[in-house]
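What follows is a single structure, written as structure tokens, with notes after it.
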Protein chains: 4
Amino acid sequence: MKKISFRDTGLKYALSPYDPPVIHVDPGETLVIEVEDAPSGQIRKKTDRRDRRSIPFGNPVVGPIYIRGAEKGKSISVSIIEITPTIGQGVTYFSEFNEEYVTGTPMLKFLGEKFPREPKICKIRNEQVYFSNELIIPYRPMVGTLGVAPHPEGEALSSSMLPGRHGGNMDLPDICPASTIFLPVFHEGALLYIGDVHAVQGDGEISGTAVEMPAEVKIKVDLKDEAFTWPMIENRDEIMFVATTSGGISLEDAIRTAFLELALWIEKKFGLNRFDALMLCGQVGKIRIGNLWTAAAKIEKKYLDALK
Amino acid sequence: MKKISFRDTGLKYALSPYDPPVIHVDPGETLVIEVEDAPSGQIRKKTDRRDRRSIPFGNPVVGPIYIRGAEKGKSISVSIIEITPTIGQGVTYFSEFNEEYVTGTPMLKFLGEKFPREPKICKIRNEQVYFSNELIIPYRPMVGTLGVAPHPEGEALSSSMLPGRHGGNMDLPDICPASTIFLPVFHEGALLYIGDVHAVQGDGEISGTAVEMPAEVKIKVDLKDEAFTWPMIENRDEIMFVATTSGGISLEDAIRTAFLELALWIEKKFGLNRFDALMLCGQVGKIRIGNLWTAAAKIEKKYLDALK
Amino acid sequence: MKKISFRDTGLKYALSPYDPPVIHVDPGETLVIEVEDAPSGQIRKKTDRRDRRSIPFGNPVVGPIYIRGAEKGKSISVSIIEITPTIGQGVTYFSEFNEEYVTGTPMLKFLGEKFPREPKICKIRNEQVYFSNELIIPYRPMVGTLGVAPHPEGEALSSSMLPGRHGGNMDLPDICPASTIFLPVFHEGALLYIGDVHAVQGDGEISGTAVEMPAEVKIKVDLKDEAFTWPMIENRDEIMFVATTSGGISLEDAIRTAFLELALWIEKKFGLNRFDALMLCGQVGKIRIGNLWTAAAKIEKKYLDALK
Amino acid sequence: MKKISFRDTGLKYALSPYDPPVIHVDPGETLVIEVEDAPSGQIRKKTDRRDRRSIPFGNPVVGPIYIRGAEKGKSISVSIIEITPTIGQGVTYFSEFNEEYVTGTPMLKFLGEKFPREPKICKIRNEQVYFSNELIIPYRPMVGTLGVAPHPEGEALSSSMLPGRHGGNMDLPDICPASTIFLPVFHEGALLYIGDVHAVQGDGEISGTAVEMPAEVKIKVDLKDEAFTWPMIENRDEIMFVATTSGGISLEDAIRTAFLELALWIEKKFGLNRFDALMLCGQVGKIRIGNLWTAAAKIEKKYLDALK
């Protein structure tokens, strides 16, 4: 089994088609990727703070991983097999950079206020995350950023902070062990990147950061002979389509977009006409908000099985 | 046990402080309310269509229910005990009125297109909803519209289509049997209204209507000596705060609002400071999108129990 | 010329079809309406504060004005002839109620902060508004709230704070002398309401209040044999359509809605096909943001004249 | 006077700190830049269509222009002196890529519909743009995309389609001759890029494209010893701050952000306290919507002069 590590590839802060592949893998291959945490390893104890002068970028990723046979217009699948913390801890904090994510506007600056700056170092042990002595949270690891080199138009190069049709920083708790993510391929080899692993994260990542941890992520990659417009995710029970806000697309419209894609896919795969499929989603659809710019529209597979 | 029915009170289309109470109840009392469905009973078979000339309004409610002792500035609780379909069926359809809800813009009109108009009559039997012969959905009944006569400012009178701090048309699947809804009181007696029951509804009610059904709703009302800014909902496992989009408040900001209210409430009740509470929500919070203008921010009670 | 005053009709806080008309007028008639200011006259000097216990509602209006011959499905026009301040001053302030309008979220409450509460009393004299000794602003009077009894569905009753297809609290600086507003009629007689006059207001009314003043508004009402879906405004140089955010309609979608309506209207009136009309708007269209929930999409009439 | 052309530098589709400068200029220098149009020159006549296989990217820019002395944390100014069409025509069209910009969702795909594909070739002559034989529009040239290599965090690399604190694809009609744009510097030399010139563009660029034209842009660059968080624009009469929607920041919040930055800047420069400055903006502020993801908050300089 192949293994790559940020220790060898360096920290990357973009999903870029211009970056030479760090590894080539075959369809069906399993791979272990060691990633640094979103604050680039700068916060390991309570007194640490992010130093943007020494490391200006955030959300480092490992890649690009070249998947042999991945062709433009088709897709790849990435199955998350296992996520293992590498230093037995994670960290969550109010990031100076993220304050406007939390408030929506520069209201803190306007008021001359700041959020508390002390990070919470959270031990991870026995499938539990120690938010504090009293508050022990189940370990629910997930990959925050997973994407291919982006769509040539609109996202020619994408920082590792930005999501889109290529995936990227979606912060969806559904990208977790036992799930498979399907991504459209925009460049030969797909050029996959992974990073920003969370020990646990709430919907909306409302405080701006999850329990960010360095980790090893074991994945299996494969080819998929199907064209996707947006990422699709499958787990044991559910199918979901993902859409993100972007130029002129509000969160409401991202939600609509994800459901319209889901309805069209149900028609294509199961023959239920798209209008009925949309009506079905109106009754049994679920919505997951990843971060505040990412929505997933879900349906349980049992309903699709009934259509076979 | 008292019972009221739309057959006696008529169909109401506003949550209004000017409407005389249809019943007075004591705190702790249990009550059965028979409600008509959202299309006012006009669609019972496939060939039926909504006729807005004969019944121009939609989403009829029953009320106001005057709760003795309910004082302005305090709250009431409404526990949903049971929801029973009264005619063994519900209906879902693309409503002409709701087309812009589904599309976000008048794009259908611009293109000269329409959605299919035939409603789906869904039998309800043995805890199952028959979306079609193949597609059988679990019966998950919920109350779409539940609110008090609204806040005097901003919502002095509210149609039964509009939600707000007073509750109203929130379309949250969490307002279901075994849940309790806490609502701020803006007028003496609270003046509670209920209607718009769904046999089942997906997150976002993305096709514009749920499986709309006439039903009997059994509730227990009570007083709560606590001030709420927005509705709170409690069920066996979760606490959630609700916020809705409105003048200048985007969906993202409604989600933020619900989480900020939740964090403040956790501080007040459990002593965890508001910043830590918000960080905790960043790790274990859940978001429910009701309709596209209603968000609920949730936390599991087990985390709060750990703080006791 | 007829005259009505809030002194006789009382302060109303809803645009309601259930409210008996305060006056009946003929098409073509001119009318003077004396309105109280948005804070209901409670802030006349620096030391005054809004007292919501004595006057809980805000944004009082005068009406309904019954316009003879106004039929459902057709429209009325309201030409603003003149707006005259009645007490020679207005007031602007950070309203406690409006703080979440300014911040987008309850972040002030979360931080334990408040905006300054002292109102600015602004003298109005010689076509100038005295914001302070140094800051003298041209008098640009406008009507903040102008609407008919609302659409039976979705807005059956509307508080005077809420805008919609019926008009209402749009806070558009374009509703000013020498402009004509066209409103769809949902109830026989149209049932027009007016209030919330501003001596001047910026786009977005970003601090939450304009220079709110009691005033006399001279209008001429008339019938229009045309069906509108949303309000239209015409002035010497421009035509504009208005749309507002509401259930599931984001601000981006409200802007799109206003332009789609404008393009369809251009096609209907001038024969330019709707797609070309939309493309034309892409080149010469203007957007006015009234308050943060109201958008107007404009075109200069000279372009339409060229199509004749 | 120096001149650079896309003919020599090639078409670039990203604002990137990794791209070697195409020219070094001194503060105070004047420069002429020849840019290709947004569809990369592929649409010159009615029968042309964009061919994304041969040129997958859109919105090409010229740069980076290294400005000597431009230091991180300070700013540069770019004065637009003149914009000259190079081929006497421009083009506007419904771009396949932009259809979801126009509709907000993939509703066209869902309905199996398309917008008309024929482009409008618009002659430009004597300060006029010929939209059609009847429709002649004043030539109001502007630069759609103008920005520096972006902020290291969040936008480490930015495609030429994405705006942000570094400027970029703002599509603001205010970036036109006789205006000066101030941009924060994130990398030594600032690394300026320019492209996407429009012969004319409406607010919101609602049909998805402006009259896109190849052009020569004459600019003067300079240093500014002031830190900006977002772009500022100055013209003869106005000062404006720009903010854009992005991860979790809705259009409403972008508008609020631009006004909060403007109010803080008024305080810093003119001593009016930030709360009064915000109140002043509430009375005299103007909003320009560029594309649907860019808002500018404006104030006329005459009000600031009164504070001196």
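By convention here, the chains of the structure tokens are called A, B, ... in the order presented, each chain's residues are numbered starting at 1, and ligands are numbered starting at 1 in the order presented.
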Define the interface residues of chain A facing chain C as those within 12 Å, counting only C-alpha atoms, and report them as a PDB file with N, CA and C atoms, in the first residue's frame.
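For reference, iface_35.pdb as written:
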```pdb
ATOM      1  N   GLU A  99     -13.168  35.424  11.955  1.00  0.00           N
ATOM      2  CA  GLU A  99     -14.158  36.154  12.742  1.00  0.00           C
ATOM      3  C   GLU A  99     -15.333  36.651  11.908  1.00  0.00           C
ATOM      4  N   GLU A 100     -15.072  37.041  10.689  1.00  0.00           N
ATOM      5  CA  GLU A 100     -16.177  37.529   9.863  1.00  0.00           C
ATOM      6  C   GLU A 100     -17.055  36.384   9.356  1.00  0.00           C
ATOM      7  N   VAL A 102     -17.932  34.066  11.436  1.00  0.00           N
ATOM      8  CA  VAL A 102     -18.813  33.878  12.601  1.00  0.00           C
ATOM      9  C   VAL A 102     -19.834  35.003  12.710  1.00  0.00           C
ATOM     10  N   THR A 103     -19.407  36.232  12.395  1.00  0.00           N
ATOM     11  CA  THR A 103     -20.301  37.381  12.603  1.00  0.00           C
ATOM     12  C   THR A 103     -21.040  37.795  11.333  1.00  0.00           C
ATOM     13  N   GLY A 104     -20.561  37.402  10.163  1.00  0.00           N
ATOM     14  CA  GLY A 104     -21.208  37.785   8.906  1.00  0.00           C
ATOM     15  C   GLY A 104     -20.733  39.127   8.378  1.00  0.00           C
ATOM     16  N   THR A 105     -20.231  39.987   9.267  1.00  0.00           N
ATOM     17  CA  THR A 105     -19.784  41.337   8.897  1.00  0.00           C
ATOM     18  C   THR A 105     -18.583  41.694   9.783  1.00  0.00           C
ATOM     19  N   PRO A 106     -17.902  42.803   9.476  1.00  0.00           N
ATOM     20  CA  PRO A 106     -16.811  43.225  10.380  1.00  0.00           C
ATOM     21  C   PRO A 106     -17.325  43.966  11.618  1.00  0.00           C
ATOM     22  N   MET A 107     -18.394  43.452  12.207  1.00  0.00           N
ATOM     23  CA  MET A 107     -19.019  44.142  13.347  1.00  0.00           C
ATOM     24  C   MET A 107     -18.094  44.153  14.560  1.00  0.00           C
ATOM     25  N   LEU A 108     -17.280  43.114  14.734  1.00  0.00           N
ATOM     26  CA  LEU A 108     -16.343  43.118  15.866  1.00  0.00           C
ATOM     27  C   LEU A 108     -15.368  44.281  15.736  1.00  0.00           C
ATOM     28  N   PHE A 110     -15.842  46.990  14.073  1.00  0.00           N
ATOM     29  CA  PHE A 110     -16.607  48.227  14.224  1.00  0.00           C
ATOM     30  C   PHE A 110     -16.814  48.553  15.702  1.00  0.00           C
ATOM     31  N   LEU A 111     -17.024  47.510  16.510  1.00  0.00           N
ATOM     32  CA  LEU A 111     -17.274  47.720  17.939  1.00  0.00           C
ATOM     33  C   LEU A 111     -15.987  47.743  18.753  1.00  0.00           C
ATOM     34  N   GLY A 112     -14.858  47.489  18.098  1.00  0.00           N
ATOM     35  CA  GLY A 112     -13.605  47.427  18.848  1.00  0.00           C
ATOM     36  C   GLY A 112     -13.525  46.205  19.752  1.00  0.00           C
ATOM     37  N   GLU A 113     -14.164  45.121  19.348  1.00  0.00           N
ATOM     38  CA  GLU A 113     -14.209  43.905  20.164  1.00  0.00           C
ATOM     39  C   GLU A 113     -13.408  42.785  19.507  1.00  0.00           C
ATOM     40  N   LYS A 114     -13.075  41.777  20.292  1.00  0.00           N
ATOM     41  CA  LYS A 114     -12.453  40.565  19.765  1.00  0.00           C
ATOM     42  C   LYS A 114     -13.060  39.351  20.448  1.00  0.00           C
ATOM     43  N   PHE A 115     -13.039  38.243  19.763  1.00  0.00           N
ATOM     44  CA  PHE A 115     -13.386  36.997  20.431  1.00  0.00           C
ATOM     45  C   PHE A 115     -12.188  36.539  21.269  1.00  0.00           C
ATOM     46  N   PRO A 116     -12.431  35.694  22.277  1.00  0.00           N
ATOM     47  CA  PRO A 116     -11.301  35.150  23.049  1.00  0.00           C
ATOM     48  C   PRO A 116     -10.339  34.425  22.103  1.00  0.00           C
ATOM     49  N   THR A 245     -22.346  27.904  -2.461  1.00  0.00           N
ATOM     50  CA  THR A 245     -22.627  29.284  -2.855  1.00  0.00           C
ATOM     51  C   THR A 245     -21.430  29.802  -3.639  1.00  0.00           C
ATOM     52  N   SER A 246     -21.686  30.717  -4.526  1.00  0.00           N
ATOM     53  CA  SER A 246     -20.595  31.344  -5.271  1.00  0.00           C
ATOM     54  C   SER A 246     -21.200  32.510  -6.006  1.00  0.00           C
ATOM     55  N   GLY A 247     -20.444  33.116  -6.886  1.00  0.00           N
ATOM     56  CA  GLY A 247     -20.868  34.322  -7.580  1.00  0.00           C
ATOM     57  C   GLY A 247     -22.351  34.364  -7.893  1.00  0.00           C
ATOM     58  N   GLY A 248     -23.127  35.051  -7.108  1.00  0.00           N
ATOM     59  CA  GLY A 248     -24.531  35.246  -7.408  1.00  0.00           C
ATOM     60  C   GLY A 248     -25.431  34.103  -6.980  1.00  0.00           C
ATOM     61  N   ILE A 249     -24.860  33.017  -6.467  1.00  0.00           N
ATOM     62  CA  ILE A 249     -25.668  31.874  -6.016  1.00  0.00           C
ATOM     63  C   ILE A 249     -25.772  31.937  -4.496  1.00  0.00           C
ATOM     64  N   SER A 250     -26.968  32.244  -4.018  1.00  0.00           N
ATOM     65  CA  SER A 250     -27.194  32.351  -2.586  1.00  0.00           C
ATOM     66  C   SER A 250     -27.269  30.963  -1.958  1.00  0.00           C
ATOM     67  N   LEU A 251     -27.298  30.906  -0.639  1.00  0.00           N
ATOM     68  CA  LEU A 251     -27.395  29.612   0.040  1.00  0.00           C
ATOM     69  C   LEU A 251     -28.708  28.911  -0.317  1.00  0.00           C
ATOM     70  N   GLU A 252     -29.783  29.669  -0.411  1.00  0.00           N
ATOM     71  CA  GLU A 252     -31.056  29.070  -0.825  1.00  0.00           C
ATOM     72  C   GLU A 252     -30.901  28.431  -2.209  1.00  0.00           C
ATOM     73  N   ASP A 253     -30.250  29.135  -3.113  1.00  0.00           N
ATOM     74  CA  ASP A 253     -30.085  28.619  -4.468  1.00  0.00           C
ATOM     75  C   ASP A 253     -29.112  27.439  -4.499  1.00  0.00           C
ATOM     76  N   ALA A 254     -28.142  27.416  -3.622  1.00  0.00           N
ATOM     77  CA  ALA A 254     -27.252  26.245  -3.545  1.00  0.00           C
ATOM     78  C   ALA A 254     -28.047  25.017  -3.108  1.00  0.00           C
ATOM     79  N   ILE A 255     -28.948  25.210  -2.151  1.00  0.00           N
ATOM     80  CA  ILE A 255     -29.805  24.098  -1.709  1.00  0.00           C
ATOM     81  C   ILE A 255     -30.685  23.629  -2.874  1.00  0.00           C
ATOM     82  N   ARG A 256     -31.304  24.593  -3.562  1.00  0.00           N
ATOM     83  CA  ARG A 256     -32.123  24.214  -4.724  1.00  0.00           C
ATOM     84  C   ARG A 256     -31.277  23.462  -5.755  1.00  0.00           C
TER      85      ARG A 256
END
```
A:Pro60 environment, 9 Å, only C-alpha atoms, sequence neighbours closer than 5 positions dropped, as a VMD selection string: chain A and resid 6 10 to 14 35 to 40 160 194 to 196
Write out, as a CSV table (one decimal), in the first residue's frame, the residues just selected, with C-alpha atoms.
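Output file selection-v3.csv follows:
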```
chain,number,residue,atom,x,y,z
A,6,PHE,CA,3.0,16.3,3.8
A,10,GLY,CA,5.3,20.0,1.7
A,11,LEU,CA,2.2,22.0,2.6
A,12,LYS,CA,0.1,23.1,-0.4
A,13,TYR,CA,-2.5,25.8,-0.3
A,14,ALA,CA,-4.1,25.5,-3.6
A,35,VAL,CA,-2.0,15.5,6.3
A,36,GLU,CA,-1.1,18.4,8.6
A,37,ASP,CA,-4.0,20.2,10.3
A,38,ALA,CA,-5.7,23.4,9.0
A,39,PRO,CA,-3.6,25.8,11.2
A,40,SER,CA,-0.5,24.2,9.6
A,160,SER,CA,-7.7,25.3,-0.5
A,194,ILE,CA,-6.9,16.1,0.6
A,195,GLY,CA,-6.5,18.0,3.8
A,196,ASP,CA,-8.2,19.8,6.6
```
Which of stretch 119-255 of chain D DSSP labels alpha helix (DSSP H), written as a ChimeraX atom specification: /D:251-255
Any chance you can output those residues with all heavy atoms as a compact mmCIF listing (two decimals), in the first residue's frame?
```txt
# COMPACT_ATOMS: atom_id res chain seq x y z
N LEU D 251 -25.14 38.53 0.26
CA LEU D 251 -25.11 39.84 -0.39
C LEU D 251 -25.49 40.95 0.59
O LEU D 251 -24.89 42.03 0.59
CB LEU D 251 -26.05 39.84 -1.61
CG LEU D 251 -26.05 41.09 -2.48
CD1 LEU D 251 -24.64 41.48 -2.94
CD2 LEU D 251 -26.95 40.91 -3.69
N GLU D 252 -26.46 40.68 1.45
CA GLU D 252 -26.82 41.66 2.46
C GLU D 252 -25.60 41.98 3.34
O GLU D 252 -25.34 43.13 3.68
CB GLU D 252 -27.95 41.15 3.38
CG GLU D 252 -29.31 41.03 2.70
CD GLU D 252 -29.54 39.64 2.11
OE1 GLU D 252 -28.57 38.97 1.69
OE2 GLU D 252 -30.71 39.22 2.07
N ASP D 253 -24.90 40.93 3.74
CA ASP D 253 -23.73 41.13 4.61
C ASP D 253 -22.58 41.80 3.86
O ASP D 253 -21.81 42.55 4.46
CB ASP D 253 -23.28 39.80 5.22
CG ASP D 253 -24.16 39.40 6.39
OD1 ASP D 253 -24.86 40.27 6.95
OD2 ASP D 253 -24.16 38.21 6.77
N ALA D 254 -22.46 41.57 2.56
CA ALA D 254 -21.45 42.28 1.78
C ALA D 254 -21.76 43.77 1.76
O ALA D 254 -20.87 44.62 1.90
CB ALA D 254 -21.37 41.71 0.36
N ILE D 255 -23.04 44.11 1.61
CA ILE D 255 -23.44 45.52 1.64
C ILE D 255 -23.12 46.13 3.00
O ILE D 255 -22.55 47.21 3.11
CB ILE D 255 -24.95 45.67 1.30
CG1 ILE D 255 -25.21 45.25 -0.16
CG2 ILE D 255 -25.43 47.09 1.55
CD1 ILE D 255 -26.69 45.15 -0.53
```
Separation of atom CA of B:Arg117 from atom CA of A:Met279 in Å: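 So the answer is 11.9 Å.
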Excluding same-chain residues fewer than 4 positions from A:Asp237, what lies within 9 Å of it counting only C-alpha atoms, as a tab-separated table (two decimals) with C-alpha atoms, in the first residue's frame?
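File produced: part.tsv:
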```
chain	number	residue	atom	x	y	z
A	299	ILE	CA	-32.12	10.94	-0.05
A	300	GLU	CA	-32.10	7.57	1.66
A	301	LYS	CA	-31.19	4.75	-0.70
A	302	LYS	CA	-34.13	2.66	0.45
```
Those of stretch 117-291 of chain C in DSSP strand (DSSP E), formatted as a PyMOL selection string: chain C and resi 120-125+128-130+136-138+142-148+158-159+167-169+179-184+192-198+215-224+232-234+238-244+286-289
Give me a file of those residues, with C-alpha atoms, as a compact mmCIF listing (two decimals), in the first residue's frame.
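For reference, part.txt as written:
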```
# COMPACT_ATOMS: atom_id res chain seq x y z
CA LYS C 120 -30.36 63.00 16.08
CA ILE C 121 -33.05 65.64 15.74
CA CYS C 122 -32.61 67.10 12.26
CA LYS C 123 -34.09 70.48 11.44
CA ILE C 124 -35.56 70.77 7.96
CA ARG C 125 -35.45 74.22 6.41
CA GLN C 128 -32.12 71.21 3.57
CA VAL C 129 -31.85 68.67 6.34
CA TYR C 130 -29.52 69.54 9.22
CA ILE C 136 -26.29 69.74 5.78
CA ILE C 137 -28.04 67.34 3.45
CA PRO C 138 -30.37 68.19 0.57
CA MET C 142 -39.82 60.13 -0.07
CA VAL C 143 -42.57 57.82 1.08
CA GLY C 144 -41.17 54.72 2.84
CA THR C 145 -44.42 52.77 3.03
CA LEU C 146 -47.00 52.82 0.30
CA GLY C 147 -49.13 49.84 -0.49
CA VAL C 148 -52.51 48.33 -1.01
CA SER C 158 -49.38 42.50 6.34
CA SER C 159 -47.93 44.58 9.08
CA GLY C 167 -45.92 47.39 -2.04
CA GLY C 168 -45.71 48.25 1.65
CA ASN C 169 -42.54 49.15 3.49
CA SER C 179 -42.89 59.72 -9.48
CA THR C 180 -45.88 57.48 -10.10
CA ILE C 181 -46.23 54.08 -8.43
CA PHE C 182 -48.33 51.35 -10.02
CA LEU C 183 -49.68 48.72 -7.66
CA PRO C 184 -51.64 45.56 -8.35
CA LEU C 192 -54.35 52.14 -0.22
CA TYR C 193 -52.18 52.97 2.80
CA ILE C 194 -49.39 55.53 3.16
CA GLY C 195 -46.91 56.35 5.90
CA ASP C 196 -43.27 56.30 6.99
CA VAL C 197 -42.16 59.46 5.22
CA HIS C 198 -38.44 60.29 5.12
CA ALA C 215 -45.49 65.12 6.79
CA GLU C 216 -48.26 65.96 4.43
CA VAL C 217 -48.21 63.92 1.25
CA LYS C 218 -50.14 65.17 -1.74
CA ILE C 219 -51.02 62.41 -4.18
CA LYS C 220 -53.16 61.84 -7.20
CA VAL C 221 -54.69 58.38 -7.56
CA ASP C 222 -55.91 56.78 -10.72
CA LEU C 223 -56.85 53.45 -12.30
CA LYS C 224 -54.59 51.51 -14.65
CA MET C 232 -43.79 49.41 -11.03
CA ILE C 233 -42.50 52.96 -10.63
CA GLU C 234 -42.22 55.59 -13.32
CA GLU C 238 -36.97 55.88 -15.69
CA ILE C 239 -39.17 52.83 -15.43
CA MET C 240 -38.47 50.38 -12.64
CA PHE C 241 -39.91 47.17 -11.26
CA VAL C 242 -39.69 46.33 -7.58
CA ALA C 243 -39.29 42.93 -5.90
CA THR C 244 -38.66 42.03 -2.29
CA LYS C 286 -29.68 50.06 -12.86
CA ILE C 287 -30.37 48.60 -9.43
CA ARG C 288 -31.66 50.49 -6.45
CA ILE C 289 -31.53 48.78 -3.07
```
Residues within 7 Å of B:Pro119, only C-alpha atoms, excluding chain neighbours under 4 positions, as an MDAnalysis selection string: chainID B and resid 46 91:93
Selection to disk with N, CA and C atoms, as a PDB file, in the first residue's frame:
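Final file, part07.pdb:
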```pdb
ATOM      1  N   LYS B  46     -57.265  13.310  -7.829  1.00  0.00           N
ATOM      2  CA  LYS B  46     -56.303  13.699  -8.865  1.00  0.00           C
ATOM      3  C   LYS B  46     -56.761  14.813  -9.779  1.00  0.00           C
ATOM      4  N   VAL B  91     -52.101  15.123   0.340  1.00  0.00           N
ATOM      5  CA  VAL B  91     -51.857  15.474  -1.059  1.00  0.00           C
ATOM      6  C   VAL B  91     -50.578  16.303  -1.163  1.00  0.00           C
ATOM      7  N   THR B  92     -49.816  16.063  -2.228  1.00  0.00           N
ATOM      8  CA  THR B  92     -48.690  16.937  -2.532  1.00  0.00           C
ATOM      9  C   THR B  92     -48.766  17.302  -3.998  1.00  0.00           C
ATOM     10  N   TYR B  93     -48.277  18.493  -4.337  1.00  0.00           N
ATOM     11  CA  TYR B  93     -48.462  19.006  -5.702  1.00  0.00           C
ATOM     12  C   TYR B  93     -47.558  20.203  -5.911  1.00  0.00           C
TER      13      TYR B  93
END
```
Atom-to-atom span, atom CA of C:Gly285 and atom CA of D:Ala210, Å: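 One can read the atom CA of C:Gly285 to atom CA of D:Ala210 distance as 10.9 Å.
Interatomic distance, atom CA of A:His187 to atom CA of A:Pro150: 8.0 Å.
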